[in-house]
Amino acid sequence: MSLADAIALFMLMALVAYCLSGGADFGGGLWDLLAFGNEAPRQRRLIANALSPIWEANHVWLIILVTLLFICFPKAFVTISIALHLPLTLMLIGIVLRGAAFTFRSYGKAESSRARHWEVIFAVASILTPIMLGIVLASLATGRVRAPLAAASFAQNYVWPWLAPFPIAIGVFALSLFALLAAVYLTVEAKDRSLREVFRRKALAAAFIVALLALGSYFLSAQVAPRIERGLSDRWWSLPLQATTGLAALVTIAALWRRCFSIARVAAVVQVALIVSGWAFSQYPYLIVPNLTLAAAAAPRQMLRPILAALLLGTAVLIPSFLYLYRIFKGEKAPEVKI
């Protein structure tokens with residue numbers, strides 16, 4: 001394994017960690033928007049209490065990912081940040097608006113019209129951000145992301161590479177995955193039986209939608225992202241990956257059906273982690289298909305070597321710190337957050 005490969009593996013782990021933590025936060029925003037009826041205030045209160053202690057910390061993984069891309073793969077960073085600046089900007093706006101709306105809603109009067117406006121902004125931003133994240137990641141596999149051409153129009157350079165059926169499908173797929181994670185997590189968070197049943201039904205519905213979107217995205221990839229399609233079908237690891245992912249999905253559904261919520265949470269985490277990893281392994285060794293590999297985009301070895309050492313040392317501090325954070329705010333004796 002080269003230095004570039006090792007750092008790319010850390011980037012993948014950061015992306016997976018962000019999907020499993022921050023992604024579930026975004027999924028919670030979708031369920032906040034879809035909360036109706038007499039139980040809606042209690043559902044929103046549960047979502048807010050689940051998010052409040054840790055949602056800011058979860059963005060650490062995204063910061064690590066972007067920082068490593070900027071320092072260790074500058075050619076890829078330049079190409080991505082220019083060619084995909086529109087969805088990246090929308091994603092950034094969504095992250096900022098979501099955080100601001102969540103804070104202002106939490107400290108405002110719940111009955112005021114202004115608080116309801118912040119609720120809508122929080123929910124819409126929570127939906128926009130994962131869709132844009134999925135669009136950006138999918139666009140890298142289509143072969144349409146490249147340095148802008150002087151002879152091409154603005155739309156040809158900056159719009160059509162990502163505003164296409166496959167990236168949009170993957171964006172919606174990402175949102176459905178995050179919604180599944182959020183609903184499964186909330187079945188564990190809920191102490192009230194009726195609330196647990198509400199999110200159990202939501203999780204089962206999300207699992208069904210995830211399965212449909214996964215199938216549709218796979219067939220779309222054969223047309224516009226053949227490397228992804230081949231990676232998920234023709235590599236030596238394709239069948240074990242597909243089988244394990246499918247098994248995790250079935251365990252998630254079965255555990256939800258039988259109300260074994262802790263098992264469902266573990267299985268959903270495995271399912272999402274394998275899906276994200278499958279995309280990365282299928283695209284390897286490319287950062288941007290078909291012209292920019294990890295080796296071609298990597299910074300000099302003199303830069304990569306100390307970065308890798310810092311990552312190893314930093315991980316030894318970061319992981320225990322996160323585990324301690326979750327133990328404090330998510331343990332049995334965790335303080336209740338008043339919203």
# chains A, B, ... in the order shown; residues from 1 in each chain; ligands from 1
$ residues_around --residues "segment 290-303 of chain A" --least-positions-apart "5" --cutoff "7 Å" --atoms "only C-alpha atoms" --output "VMD selection string"
chain A and resid 4 72 to 76 143 285
$ atom_distance --atom1 "atom CA of Tyr326 of chain A" --atom2 "atom CA of Ala57 of chain A"
10.3 Å
$ residues_around --residues "Leu232 of chain A" --least-positions-apart "6" --cutoff "12 Å" --atoms "only C-alpha atoms" --output "PyMOL selection string"
chain A and resi 214-215+217-219+221-222+225-226+238-243+245+274-284
$ select_by_dssp --residues "segment 53-225 of chain A" --states "alpha helix (DSSP H)" --output "VMD selection string"
chain A and resid 60 to 72 74 to 83 85 to 107 113 to 139 154 to 158 165 to 189 193 to 224
$ closest_residue --among "A:Leu175, A:Leu204, A:Leu195, A:Leu15" --to "Arg258 of chain A" --atoms "only C-alpha atoms"
A:Leu204
$ closest_atom_pairs --of "segment 199-264 of chain A" --to "segment 29-34 of chain A" --cutoff "12 Å" --atoms "only C-alpha atoms" --output "JSON lines"
{"residue": "A:Phe199", "atom": "CA", "partner": "A:Trp31", "partner_atom": "CA", "distance": 8.9}
{"residue": "A:Arg201", "atom": "CA", "partner": "A:Trp31", "partner_atom": "CA", "distance": 11.8}
{"residue": "A:Lys202", "atom": "CA", "partner": "A:Trp31", "partner_atom": "CA", "distance": 8.4}
{"residue": "A:Ala203", "atom": "CA", "partner": "A:Trp31", "partner_atom": "CA", "distance": 10.3}
{"residue": "A:Ala205", "atom": "CA", "partner": "A:Trp31", "partner_atom": "CA", "distance": 12.0}
{"residue": "A:Ala206", "atom": "CA", "partner": "A:Trp31", "partner_atom": "CA", "distance": 10.7}
$ closest_residue --among "A:Trp61, A:Trp162, A:Tyr107, A:Phe26" --to "Thr315 of chain A" --atoms "only C-alpha atoms"
A:Trp61
$ closest_residue --among "A:Ala183, A:Leu97, A:Leu140, A:Ala264" --to "Arg227 of chain A" --atoms "only C-alpha atoms"
A:Leu140
$ atom_distance --atom1 "atom CA of Phe173 of chain A" --atom2 "atom CA of Cys260 of chain A"
25.2 Å
$ atom_distance --atom1 "atom CA of His117 of chain A" --atom2 "atom CA of Leu88 of chain A"
24.6 Å
$ closest_atom_pairs --of "segment 173-233 of chain A" --to "segment 41-48 of chain A" --cutoff "9 Å" --atoms "only C-alpha atoms" --output "Markdown table"
| residue | atom | partner | partner_atom | distance |
| --- | --- | --- | --- | --- |
| A:Ala182 | CA | A:Ile47 | CA | 8.9 |
| A:Leu186 | CA | A:Ile47 | CA | 7.4 |
| A:Glu189 | CA | A:Leu46 | CA | 7.8 |
| A:Ala190 | CA | A:Leu46 | CA | 7.0 |
| A:Leu195 | CA | A:Gln43 | CA | 6.9 |
| A:Val198 | CA | A:Gln43 | CA | 8.6 |
| A:Phe199 | CA | A:Gln43 | CA | 8.7 |
